[in-house]
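**Student:** entry16.txt is the file, holding compact mmCIF, C-alpha atoms and all ligand atoms:
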```
# COMPACT_ATOMS: atom_id res chain seq x y z
CA MET A 54 9.88 65.97 -31.65
CA GLU A 55 13.16 66.86 -33.27
CA PHE A 56 12.89 69.08 -36.35
CA TYR A 57 15.43 68.80 -39.17
CA LYS A 58 16.45 71.29 -41.85
CA SER A 59 16.37 70.13 -45.45
CA LYS A 60 18.24 71.36 -48.50
CA ILE A 61 18.75 70.57 -52.15
CA LYS A 62 21.93 68.51 -52.22
CA GLY A 63 22.30 67.88 -55.96
CA THR A 64 20.55 68.16 -59.31
CA GLY A 65 20.61 66.52 -62.74
CA MET A 66 18.81 66.66 -66.07
CA TYR A 67 18.39 64.81 -69.34
CA VAL A 68 16.71 65.80 -72.58
CA PRO A 69 16.24 63.46 -75.56
CA GLU A 70 18.64 63.64 -78.48
CA LYS A 71 16.05 64.41 -81.14
CA VAL A 72 15.27 68.12 -81.58
CA LEU A 73 12.05 69.28 -83.20
CA THR A 74 12.28 72.90 -84.39
CA ASN A 75 9.51 75.32 -85.28
CA ALA A 76 10.59 74.86 -88.89
CA ASP A 77 9.94 71.13 -88.53
CA LEU A 78 6.45 71.87 -87.17
CA GLU A 79 5.75 74.09 -90.17
CA LYS A 80 5.88 70.90 -92.24
CA MET A 81 3.41 69.11 -89.92
CA VAL A 82 0.66 71.68 -89.22
CA ASP A 83 -0.42 75.11 -90.48
CA THR A 84 1.90 77.22 -88.33
CA ASN A 85 5.11 79.22 -88.57
CA ASP A 86 8.16 80.06 -86.50
CA GLU A 87 7.16 83.70 -86.11
CA TRP A 88 3.71 82.84 -84.66
CA ILE A 89 5.10 80.25 -82.28
CA TYR A 90 8.04 82.35 -81.09
CA THR A 91 6.14 85.60 -80.56
CA ARG A 92 3.18 83.89 -78.80
CA THR A 93 5.14 81.40 -76.69
CA GLY A 94 8.90 82.09 -76.73
CA ILE A 95 9.56 78.55 -78.00
CA ARG A 96 12.10 77.86 -80.79
CA GLU A 97 12.53 74.11 -80.41
CA ARG A 98 11.80 71.15 -78.14
CA HIS A 99 13.28 67.67 -77.59
CA ILE A 100 11.34 64.51 -78.43
CA CYS A 101 11.92 61.03 -76.96
CA SER A 102 12.87 58.11 -79.14
CA THR A 103 10.12 55.50 -79.42
CA GLU A 104 12.78 52.84 -79.99
CA GLY A 105 13.61 52.68 -76.27
CA GLY A 106 16.37 54.13 -74.11
CA GLU A 107 14.56 57.43 -73.56
CA TRP A 108 11.41 56.36 -71.71
CA PRO A 109 10.53 58.60 -68.75
CA THR A 110 12.35 56.31 -66.30
CA ASP A 111 15.39 56.06 -68.61
CA MET A 112 15.68 59.85 -68.69
CA ALA A 113 15.17 59.84 -64.92
CA LEU A 114 17.96 57.29 -64.49
CA LYS A 115 20.44 59.48 -66.38
CA ALA A 116 19.40 62.64 -64.52
CA SER A 117 19.36 60.85 -61.13
CA VAL A 118 22.91 59.53 -61.57
CA GLN A 119 24.07 63.14 -62.09
CA ALA A 120 22.06 64.39 -59.11
CA LEU A 121 23.40 61.67 -56.80
CA GLU A 122 26.95 62.42 -57.89
CA ALA A 123 26.44 66.14 -57.25
CA ALA A 124 25.00 65.28 -53.82
CA ASN A 125 27.89 62.90 -53.12
CA LEU A 126 25.46 60.10 -52.35
CA GLU A 127 25.05 56.47 -53.39
CA PRO A 128 21.73 55.13 -54.73
CA ASN A 129 21.13 53.21 -51.48
CA ASP A 130 21.36 56.47 -49.51
CA ILE A 131 17.96 57.36 -51.01
CA ASP A 132 15.08 56.42 -48.73
CA MET A 133 12.25 57.72 -50.89
CA ILE A 134 11.61 58.34 -54.59
CA LEU A 135 8.93 60.84 -55.61
CA PHE A 136 8.33 60.61 -59.35
CA ALA A 137 6.25 63.45 -60.79
CA SER A 138 4.84 62.73 -64.22
CA VAL A 139 1.62 62.70 -66.24
CA THR A 140 3.32 60.38 -68.73
CA PRO A 141 4.55 57.47 -66.60
CA ASP A 142 6.19 54.47 -68.31
CA ALA A 143 3.12 52.35 -67.47
CA LYS A 144 -0.03 52.39 -65.32
CA LEU A 145 1.44 49.68 -63.12
CA PRO A 146 3.97 49.53 -61.60
CA ASN A 147 4.53 53.18 -60.85
CA SER A 148 7.56 54.87 -62.40
CA ALA A 149 9.20 55.38 -59.00
CA CYS A 150 9.38 51.59 -58.56
CA ILE A 151 10.81 51.14 -62.07
CA LEU A 152 13.42 53.82 -61.37
CA GLN A 153 14.30 52.18 -58.03
CA VAL A 154 15.30 49.02 -59.91
CA LYS A 155 17.13 50.90 -62.69
CA LEU A 156 19.17 52.76 -60.07
CA GLY A 157 20.06 49.49 -58.33
CA ILE A 158 18.49 50.59 -55.05
CA THR A 159 18.13 47.51 -52.83
CA ASN A 160 17.03 49.11 -49.56
CA ASN A 161 13.25 48.82 -50.26
CA CYS A 162 12.91 52.62 -50.20
CA ALA A 163 9.44 54.13 -50.56
CA ALA A 164 8.47 54.82 -54.16
CA LEU A 165 5.56 57.06 -55.08
CA ASP A 166 4.33 58.72 -58.29
CA ILE A 167 2.86 62.21 -58.16
CA ALA A 168 0.16 63.15 -60.66
CA ALA A 169 0.05 66.92 -60.29
CA ALA A 170 0.88 67.82 -63.90
CA CYS A 171 3.19 70.82 -64.32
CA SER A 172 3.28 71.45 -60.55
CA GLY A 173 4.39 67.86 -59.87
CA PHE A 174 8.06 68.56 -59.19
CA VAL A 175 7.26 71.40 -56.77
CA TYR A 176 4.71 69.12 -55.06
CA GLY A 177 7.53 66.57 -54.75
CA VAL A 178 10.05 69.03 -53.30
CA ASN A 179 7.54 70.30 -50.74
CA LEU A 180 6.46 66.78 -49.71
CA ALA A 181 10.11 65.70 -49.47
CA ASN A 182 10.79 68.73 -47.30
CA SER A 183 7.99 67.77 -44.89
CA MET A 184 9.20 64.16 -44.72
CA ILE A 185 12.75 65.29 -43.99
CA GLN A 186 11.75 67.93 -41.45
CA THR A 187 9.86 65.35 -39.40
CA GLY A 188 12.62 62.74 -39.70
CA ALA A 189 10.47 60.33 -41.75
CA ALA A 190 13.03 60.48 -44.58
CA LYS A 191 16.63 61.56 -44.92
CA ASN A 192 17.36 61.73 -48.65
CA VAL A 193 14.52 61.98 -51.16
CA LEU A 194 15.01 61.73 -54.90
CA VAL A 195 12.51 64.11 -56.52
CA VAL A 196 12.00 63.53 -60.23
CA GLY A 197 10.05 65.40 -62.91
CA SER A 198 10.12 63.34 -66.11
CA GLU A 199 7.78 63.61 -69.07
CA MET A 200 7.25 62.16 -72.52
CA LEU A 201 4.44 64.49 -73.54
CA SER A 202 5.08 63.79 -77.21
CA ARG A 203 3.03 60.59 -76.66
CA GLU A 204 -0.05 62.49 -75.46
CA VAL A 205 0.00 65.44 -77.85
CA ASN A 206 -2.25 65.53 -80.89
CA TRP A 207 0.32 66.26 -83.61
CA GLU A 208 -2.51 67.40 -85.90
CA ASP A 209 -3.72 70.12 -83.50
CA ARG A 210 -1.60 73.24 -83.99
CA SER A 211 -3.03 74.95 -80.92
CA ILE A 212 -1.37 72.37 -78.64
CA CYS A 213 1.40 70.46 -80.42
CA ILE A 214 3.67 73.50 -80.69
CA LEU A 215 3.78 73.97 -76.92
CA PHE A 216 5.18 70.77 -75.46
CA GLY A 217 8.44 68.81 -75.29
CA ASP A 218 10.04 65.88 -73.48
CA GLY A 219 12.70 65.88 -70.78
CA CYS A 220 13.61 65.21 -67.18
CA GLY A 221 15.00 67.08 -64.18
CA VAL A 222 15.91 65.65 -60.77
CA ALA A 223 16.84 67.01 -57.37
CA VAL A 224 18.07 65.21 -54.26
CA VAL A 225 16.38 66.83 -51.28
CA GLY A 226 18.06 65.76 -48.08
CA ARG A 227 18.59 66.48 -44.40
CA ASN A 228 21.10 69.31 -43.99
CA GLU A 229 23.81 67.93 -41.72
CA ASP A 230 26.48 70.38 -42.91
CA SER A 231 25.47 73.34 -40.70
CA ASP A 232 25.61 75.63 -43.77
CA GLN A 233 22.88 78.14 -44.61
CA SER A 234 21.23 75.99 -47.31
CA GLU A 235 17.61 75.34 -46.39
CA ILE A 236 14.09 75.04 -47.72
CA LEU A 237 12.53 78.06 -46.03
CA SER A 238 8.84 77.98 -46.92
CA SER A 239 6.45 76.28 -49.27
CA THR A 240 2.87 76.23 -50.43
CA LEU A 241 0.77 73.74 -52.38
CA GLY A 242 -2.76 74.15 -53.68
CA ALA A 243 -5.31 73.22 -56.28
CA ASP A 244 -8.53 74.52 -57.79
CA GLY A 245 -10.36 71.53 -59.23
CA THR A 246 -13.09 73.75 -60.66
CA GLY A 247 -10.66 74.69 -63.44
CA ALA A 248 -10.11 71.08 -64.53
CA GLU A 249 -11.83 71.59 -67.89
CA PHE A 250 -9.22 74.16 -69.00
CA PHE A 251 -6.60 71.46 -69.47
CA ASP A 252 -7.57 67.80 -69.39
CA GLN A 253 -7.39 64.37 -70.96
CA PRO A 254 -10.59 62.62 -69.82
CA VAL A 255 -10.30 59.63 -72.14
CA GLY A 256 -8.11 56.69 -71.16
CA GLY A 257 -9.05 56.45 -67.48
CA ALA A 258 -11.53 54.17 -65.70
CA VAL A 259 -14.56 56.23 -66.72
CA GLU A 260 -13.90 56.32 -70.43
CA PRO A 261 -11.46 53.79 -71.86
CA ILE A 262 -9.84 54.46 -75.23
CA THR A 263 -11.85 53.03 -78.13
CA PRO A 264 -10.96 52.77 -81.85
CA GLU A 265 -13.27 55.74 -82.40
CA HIS A 266 -11.26 57.88 -79.98
CA ILE A 267 -8.09 56.89 -81.76
CA GLU A 268 -9.56 57.75 -85.14
CA LYS A 269 -10.83 61.16 -83.95
CA ARG A 270 -7.79 61.71 -81.67
CA THR A 271 -10.07 62.57 -78.75
CA HIS A 272 -7.91 60.56 -76.33
CA MET A 273 -5.17 63.22 -76.38
CA MET A 274 -4.57 66.22 -74.12
CA GLN A 275 -6.87 69.19 -74.74
CA MET A 276 -6.44 72.74 -73.51
CA LYS A 277 -8.13 76.12 -73.44
CA GLY A 278 -4.93 78.15 -73.71
CA GLY A 279 -6.41 81.57 -73.03
CA GLU A 280 -8.10 80.46 -69.78
CA MET A 281 -4.93 78.72 -68.61
CA PHE A 282 -2.94 81.87 -69.32
CA LYS A 283 -5.14 84.04 -67.08
CA MET A 284 -5.29 81.53 -64.22
CA ALA A 285 -1.55 80.88 -64.39
CA THR A 286 -0.30 84.45 -63.97
CA ARG A 287 -2.65 85.19 -61.06
CA THR A 288 -1.89 81.95 -59.23
CA LEU A 289 1.88 82.09 -59.75
CA ALA A 290 2.01 85.65 -58.38
CA ASN A 291 -0.17 84.82 -55.35
CA ASN A 292 1.83 81.72 -54.40
CA ALA A 293 5.13 83.56 -54.72
CA LYS A 294 3.88 86.27 -52.37
CA LYS A 295 2.63 83.64 -49.92
CA VAL A 296 5.98 81.87 -49.50
CA ILE A 297 7.88 85.16 -49.29
CA LYS A 298 5.55 86.36 -46.51
CA GLU A 299 5.81 83.07 -44.63
CA ALA A 300 9.62 83.31 -44.65
CA GLU A 301 9.40 86.96 -43.50
CA LEU A 302 11.42 88.12 -46.50
CA THR A 303 10.62 90.47 -49.38
CA LEU A 304 10.47 89.91 -53.14
CA LYS A 305 13.56 92.16 -53.39
CA ASP A 306 15.51 89.49 -51.49
CA VAL A 307 14.88 86.90 -54.23
CA ASP A 308 18.04 86.20 -56.26
CA TRP A 309 16.40 83.84 -58.77
CA LEU A 310 12.86 83.08 -59.82
CA VAL A 311 12.65 79.61 -61.39
CA PRO A 312 9.12 79.49 -62.82
CA HIS A 313 7.29 76.75 -64.69
CA GLN A 314 8.04 77.21 -68.39
CA ALA A 315 4.63 77.16 -70.14
CA ASN A 316 4.82 80.38 -72.13
CA VAL A 317 7.40 83.17 -71.99
CA ARG A 318 4.58 85.73 -71.78
CA ILE A 319 3.19 84.04 -68.66
CA ILE A 320 6.68 84.15 -67.13
CA GLU A 321 7.22 87.82 -68.03
CA THR A 322 3.78 88.84 -66.77
CA THR A 323 4.36 87.00 -63.49
CA GLY A 324 7.79 88.64 -63.09
CA LYS A 325 6.19 92.05 -63.63
CA LEU A 326 3.33 91.36 -61.19
CA LEU A 327 5.95 90.46 -58.59
CA GLY A 328 8.32 93.32 -59.46
CA ILE A 329 11.23 90.91 -59.99
CA ASP A 330 13.90 92.12 -62.49
CA SER A 331 13.89 90.12 -65.70
CA GLU A 332 17.62 89.27 -65.26
CA LYS A 333 16.67 87.35 -62.13
CA VAL A 334 14.17 85.12 -63.93
CA ILE A 335 15.42 81.81 -65.34
CA ILE A 336 13.97 81.22 -68.81
CA ASN A 337 14.88 78.31 -71.09
CA ILE A 338 11.53 77.65 -72.78
CA ASP A 339 13.08 78.59 -76.15
CA LYS A 340 15.08 75.33 -76.10
CA TYR A 341 12.67 72.87 -74.50
CA GLY A 342 9.06 74.10 -74.70
CA ASN A 343 6.76 73.04 -71.87
CA THR A 344 8.05 69.78 -70.37
CA SER A 345 5.42 69.84 -67.59
CA ALA A 346 6.85 68.50 -64.29
CA ALA A 347 10.37 68.68 -65.73
CA THR A 348 10.54 72.43 -66.50
CA VAL A 349 11.45 73.69 -63.02
CA PRO A 350 14.18 71.11 -62.25
CA ILE A 351 15.69 71.45 -65.75
CA ALA A 352 15.78 75.26 -65.51
CA PHE A 353 17.19 75.05 -61.96
CA HIS A 354 19.87 72.53 -62.92
CA GLU A 355 20.96 74.51 -65.99
CA ALA A 356 21.28 77.73 -64.01
CA ILE A 357 23.40 75.99 -61.36
CA HIS A 358 25.50 74.34 -64.03
CA ASP A 359 26.24 77.57 -65.94
CA GLY A 360 27.15 79.40 -62.73
CA ARG A 361 24.16 81.73 -62.39
CA ILE A 362 22.66 80.10 -59.28
CA LYS A 363 25.24 79.73 -56.51
CA ARG A 364 25.16 78.20 -53.03
CA GLY A 365 23.60 80.73 -50.65
CA ASP A 366 21.33 82.33 -53.29
CA LEU A 367 17.64 82.77 -52.48
CA VAL A 368 15.67 80.79 -55.07
CA LEU A 369 11.93 80.74 -55.69
CA PHE A 370 10.27 77.81 -57.51
CA ASP A 371 6.81 78.69 -58.83
CA ALA A 372 4.64 76.24 -60.76
CA PHE A 373 1.14 75.85 -62.10
CA GLY A 374 -0.58 73.14 -64.12
CA ALA A 375 -3.55 71.03 -65.06
CA GLY A 376 -5.85 70.19 -62.20
CA LEU A 377 -5.54 73.09 -61.67
CA THR A 378 -2.61 72.49 -59.35
CA SER A 379 -0.04 74.97 -58.13
CA GLY A 380 2.89 75.19 -55.76
CA ALA A 381 5.83 77.35 -54.74
CA THR A 382 9.02 76.76 -52.77
CA LEU A 383 11.37 79.36 -51.32
CA LEU A 384 14.84 78.04 -50.58
CA ARG A 385 18.34 79.12 -49.74
CA TYR A 386 20.32 77.00 -52.23
C1 LIG B 1 -1.79 78.55 -76.48
C2 LIG B 1 -1.39 80.00 -76.62
C3 LIG B 1 0.04 80.12 -77.08
C4 LIG B 1 -2.30 80.64 -77.67
O1 LIG B 1 -1.98 82.00 -77.81
P1 LIG B 1 -3.13 83.08 -78.01
O2 LIG B 1 -2.47 84.38 -78.18
O3 LIG B 1 -4.07 82.92 -76.85
O4 LIG B 1 -3.75 82.63 -79.36
P2 LIG B 1 -5.26 82.22 -79.66
O5 LIG B 1 -5.55 80.86 -79.09
O6 LIG B 1 -6.15 83.36 -79.27
O7 LIG B 1 -5.22 82.10 -81.21
C5 LIG B 1 -5.05 83.23 -82.04
C6 LIG B 1 -5.15 82.78 -83.49
O8 LIG B 1 -4.00 81.98 -83.82
C7 LIG B 1 -4.41 80.73 -84.37
N1 LIG B 1 -3.45 79.70 -83.97
C8 LIG B 1 -3.52 78.85 -82.92
N2 LIG B 1 -2.44 78.06 -82.90
C9 LIG B 1 -1.67 78.44 -83.94
C10 LIG B 1 -0.42 78.01 -84.41
N3 LIG B 1 0.27 77.04 -83.82
N4 LIG B 1 0.09 78.63 -85.49
C11 LIG B 1 -0.58 79.60 -86.11
N5 LIG B 1 -1.77 80.06 -85.71
C12 LIG B 1 -2.31 79.48 -84.63
C13 LIG B 1 -5.79 80.50 -83.79
O9 LIG B 1 -6.52 79.62 -84.60
C14 LIG B 1 -6.35 81.88 -83.79
O10 LIG B 1 -6.78 82.20 -85.07
P3 LIG B 1 -8.16 83.04 -85.30
O11 LIG B 1 -7.92 84.34 -84.61
O12 LIG B 1 -8.25 83.11 -86.77
O13 LIG B 1 -9.22 82.21 -84.64
C15 LIG B 1 -1.56 80.74 -75.29
O14 LIG B 1 -2.93 80.90 -75.00
C16 LIG B 1 -0.89 80.05 -74.14
O15 LIG B 1 0.28 79.82 -74.14
N6 LIG B 1 -1.67 79.74 -73.09
C17 LIG B 1 -1.18 79.11 -71.91
C18 LIG B 1 -0.92 77.69 -72.16
C19 LIG B 1 -0.42 77.03 -70.93
O16 LIG B 1 0.09 77.66 -70.11
N7 LIG B 1 -0.60 75.75 -70.85
C20 LIG B 1 -0.09 74.89 -69.87
C21 LIG B 1 -0.16 75.41 -68.50
S1 LIG B 1 0.62 74.30 -67.45
```
Mind converting the file's structure to structure tokens?
Ligand SMILES: CC(C)(COP(=O)(O)OP(=O)(O)OC[C@H]1O[C@@H](n2cnc3c(N)ncnc32)[C@H](O)[C@@H]1OP(=O)(O)O)[C@@H](O)C(=O)NCCC(=O)NCCS
**Tutor:**
Amino acid sequence: MEFYKSKIKGTGMYVPEKVLTNADLEKMVDTNDEWIYTRTGIRERHICSTEGGEWPTDMALKASVQALEAANLEPNDIDMILFASVTPDAKLPNSACILQVKLGITNNCAALDIAAACSGFVYGVNLANSMIQTGAAKNVLVVGSEMLSREVNWEDRSICILFGDGCGVAVVGRNEDSDQSEILSSTLGADGTGAEFFDQPVGGAVEPITPEHIEKRTHMMQMKGGEMFKMATRTLANNAKKVIKEAELTLKDVDWLVPHQANVRIIETTGKLLGIDSEKVIINIDKYGNTSAATVPIAFHEAIHDGRIKRGDLVLFDAFGAGLTSGATLLRY
């Protein structure tokens, strides 16, 4: 069987217009800018309009148009959409199908949603890579798009300060340019025994939302932050080491670490565990908070756009999320 190389051909991002600062949150719950910034590194986050135009697939449309342009591709060149989100537009149809229509794709491309929480985009990139390597797909649109503001309990200060809305997209495609760009190694994993640390059990088949849930706000996301913190740093470091070893490279070779943006202290601790210089770590959590599946593609896109990440650089994606899911990708951009 022929084996193809894949690479990231283009990226895009979109964040909603409305900005919610820590000062704004001070008026909503008993918190303050100093507590939020020192504990999390977050200054502000973007929040989707509920009037329309900024639903997860709308944000994905805007970011996908940019990514396709950067990749020099037309919508009908896409033969698969992988849409990572825990806040899809609707239960049915999946968001990938909605995006297919919004993009004007008429080639009946495959369209699949990925529910892997904050690791969803990295799951998507790694699955796209496997599909491309085997020849099952040629150009895959990988989306991370979230409207977490819908699922956050705005009366719970331990959780509402952490999250934001936004979208990042990458076109992963077969490398036919004979350049050095390539996805080199990847890992995906999960530890379902940690599910209780970050979950939203109400609203599924087992326990539908009732008026009582709405009154008590028990249908929202709930998290044990301290437990997540410990699991995150350990898992992020282990996965990074795994992909480096598989590619027969060293952590010193890494030009850029693009980690999931959940908490700046998690990112700094992971960087230290790996011995990666802080200047090589992409951090933008101050502007966006935790946008779940969208953090890695937004951070990656921004760093390409402002000239930090260049073609040929060795880039490491490293993500962790509810599930508990995790994944890492090592690539030559
Ligand atoms: C959530 C998180 C910021 C909390 O930070 P922490 O240092 O663990 O803080 P604690 O939860 O121990 O709370 C310390 C105190 O601050 C209080 N507090 C909690 N939220 C607060 C807020 N927004 N403002 C002010 N005080 C707050 C707590 O009530 C507690 O008070 P007490 O000591 O009187 O009981 C941190 O645990 C975290 O970021 N965890 C990882 C989250 C994560 O990664 N989630 C997603 C992974 S994909």
**Student:** Which residues are near Glu301 (chain A)? Cut-off 12 Å, all atoms listed in the file, ignore same chain within fewer than 5 positions. Put them as a VMD selection string.
**Tutor:** chain A and resid 237 to 238 294 to 296 306 383
**Student:** Compile a residue-level contact table for chain A against ligand LIG 1 (chain B) at a cut-off of 9 Å, reporting for every qualifying residue the shortest atom pair and its distance in Å to one decimal, with all atoms listed in the file counted, rows ordered by chain and ascending number, as CSV.
**Tutor:**
```
residue,atom,partner,partner_atom,distance
A:Leu78,CA,B:LIG1,N3,8.7
A:Glu79,CA,B:LIG1,N4,8.6
A:Val82,CA,B:LIG1,N3,7.6
A:Asp83,CA,B:LIG1,N4,6.1
A:Thr84,CA,B:LIG1,N4,3.7
A:Asn85,CA,B:LIG1,N4,5.9
A:Asp86,CA,B:LIG1,N4,8.3
A:Glu87,CA,B:LIG1,N4,8.7
A:Trp88,CA,B:LIG1,C11,5.6
A:Ile89,CA,B:LIG1,N3,6.0
A:Thr91,CA,B:LIG1,C3,8.9
A:Arg92,CA,B:LIG1,C3,5.2
A:Thr93,CA,B:LIG1,C3,5.3
A:Ala170,CA,B:LIG1,S1,7.4
A:Cys171,CA,B:LIG1,S1,5.3
A:Ser172,CA,B:LIG1,S1,7.9
A:Asp209,CA,B:LIG1,N3,8.0
A:Arg210,CA,B:LIG1,N3,4.2
A:Ser211,CA,B:LIG1,N2,3.7
A:Ile212,CA,B:LIG1,C1,6.6
A:Cys213,CA,B:LIG1,N3,7.5
A:Ile214,CA,B:LIG1,N3,5.8
A:Leu215,CA,B:LIG1,C3,7.2
A:Phe216,CA,B:LIG1,C20,8.7
A:Phe250,CA,B:LIG1,N7,9.0
A:Phe251,CA,B:LIG1,C20,7.4
A:Met276,CA,B:LIG1,N7,7.1
A:Lys277,CA,B:LIG1,O14,7.2
A:Gly278,CA,B:LIG1,O14,3.6
A:Gly279,CA,B:LIG1,O14,4.1
A:Glu280,CA,B:LIG1,N6,7.3
A:Met281,CA,B:LIG1,C17,5.0
A:Phe282,CA,B:LIG1,C17,4.2
A:Lys283,CA,B:LIG1,C17,8.0
A:Met284,CA,B:LIG1,O16,8.9
A:Ala285,CA,B:LIG1,O16,6.8
A:His313,CA,B:LIG1,S1,7.6
A:Gln314,CA,B:LIG1,S1,8.0
A:Ala315,CA,B:LIG1,O16,4.6
A:Asn316,CA,B:LIG1,O15,5.0
A:Val317,CA,B:LIG1,O15,8.2
A:Arg318,CA,B:LIG1,O15,7.7
A:Ile319,CA,B:LIG1,O16,7.2
A:Asn343,CA,B:LIG1,C20,7.4
A:Ser345,CA,B:LIG1,S1,6.6
A:Ala372,CA,B:LIG1,S1,8.0
A:Phe373,CA,B:LIG1,S1,5.6
A:Gly374,CA,B:LIG1,S1,3.7
A:Ala375,CA,B:LIG1,S1,5.8
A:Leu377,CA,B:LIG1,S1,8.5
A:Thr378,CA,B:LIG1,S1,8.9
```
**Student:** Mind checking which residues fall within 6 Å of region 130-136 of chain A, counting only C-alpha atoms, ignoring those fewer than 5 positions away in the same chain, and posting them as a list in words?
**Tutor:**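 That gives Ala149, Cys162, Ala163, Ala164, Leu165, Asp166, Ile167, Gly177, Asn192, Val193, Leu194, Val195 and Val196 of chain A.
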**Student:** When you look at region 200-205 of chain A with a cut-off of 6 Å (counting only C-alpha atoms), what residues show up, excluding the ones that are within fewer than 5 positions of it in the same chain? I need them as an mmCIF file with C-alpha atoms, in the coordinates of the input.
**Tutor:**
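Result file around37.cif:
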```
data_model
loop_
_atom_site.group_PDB
_atom_site.id
_atom_site.type_symbol
_atom_site.label_atom_id
_atom_site.label_comp_id
_atom_site.auth_asym_id
_atom_site.auth_seq_id
_atom_site.Cartn_x
_atom_site.Cartn_y
_atom_site.Cartn_z
ATOM 1 C CA THR A 140 3.320 60.380 -68.730
ATOM 2 C CA CYS A 213 1.400 70.460 -80.420
ATOM 3 C CA ASP A 218 10.040 65.880 -73.480
ATOM 4 C CA MET A 273 -5.170 63.220 -76.380
ATOM 5 C CA MET A 274 -4.570 66.220 -74.120
#
```
**Student:** Which of these, A:Thr187, A:Leu369, A:Thr344, A:Leu310, has the shortest distance to Asp330 (chain A) once you count all atoms listed in the file?
**Tutor:**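 Under the stated criterion, the closest residue is A:Leu310.
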**Student:** To one decimal place, how far is CA of Gly63 (chain A) from CA of Val225 (chain A) in Å?
**Tutor:** 7.6 Å
**Student:** Counting all atoms listed in the file, give me one row per residue of region 141-193 of chain A with an atom at most 12 Å from an atom of region 104-118 of chain A, showing the shortest contact pair and its distance in Å to one decimal, sorted by chain then residue number, as CSV.
**Tutor:**
```
residue,atom,partner,partner_atom,distance
A:Pro141,CA,A:Pro109,CA,6.5
A:Asp142,CA,A:Pro109,CA,6.0
A:Ala143,CA,A:Pro109,CA,9.8
A:Pro146,CA,A:Thr110,CA,11.8
A:Asn147,CA,A:Thr110,CA,10.0
A:Ser148,CA,A:Thr110,CA,6.3
A:Ala149,CA,A:Thr110,CA,8.0
A:Cys150,CA,A:Thr110,CA,9.5
A:Ile151,CA,A:Thr110,CA,6.9
A:Leu152,CA,A:Thr110,CA,5.6
A:Gln153,CA,A:Leu114,CA,9.0
A:Val154,CA,A:Leu114,CA,9.8
A:Lys155,CA,A:Leu114,CA,6.7
A:Leu156,CA,A:Leu114,CA,6.4
A:Gly157,CA,A:Leu114,CA,10.2
A:Ile158,CA,A:Leu114,CA,11.6
A:Asp166,CA,A:Thr110,CA,11.6
A:Val193,CA,A:Ser117,CA,11.1
```
**Student:** Please compute the CA of Lys58 (chain A)-CA of Arg361 (chain A) distance, one decimal, in Å.
**Tutor:** 24.3 Å
**Student:** Which value, in Å to one decimal, gives the distance between CA of Tyr341 (chain A) and CA of Val222 (chain A)?
**Tutor:**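 CA of Tyr341 (chain A) sits 15.8 Å away from CA of Val222 (chain A).
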**Student:** From the set A:Glu299, A:Glu70, A:Glu249, A:Asp308, which residue has the shortest atom-to-atom contact distance to Ile329 (chain A), counting only C-alpha atoms?
**Tutor:**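 That would be A:Asp308, the residue with the smallest distance to Ile329 (chain A).
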**Student:** Using all atoms listed in the file, which of A:Ile351, A:Lys340, A:Gly376, A:Phe56 sits nearest Val72 (chain A)?
**Tutor:**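 Smallest separation from Val72 (chain A) among the options: A:Lys340.
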**Student:** With distances taken over all atoms listed in the file, which of A:Gly217, A:Tyr176, A:Thr271, A:Gly188 is nearest to Arg98 (chain A)?
**Tutor:**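 The shortest atom-to-atom distance to Arg98 (chain A) comes from A:Gly217.
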**Student:** For Asn161 (chain A), which residue out of A:Asn129, A:Gln253, A:Thr382, A:Ser331 is the nearest one, using all atoms listed in the file?
**Tutor:**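 Between A:Asn129, A:Gln253, A:Thr382, A:Ser331, the residue approaching Asn161 (chain A) most closely is A:Asn129.
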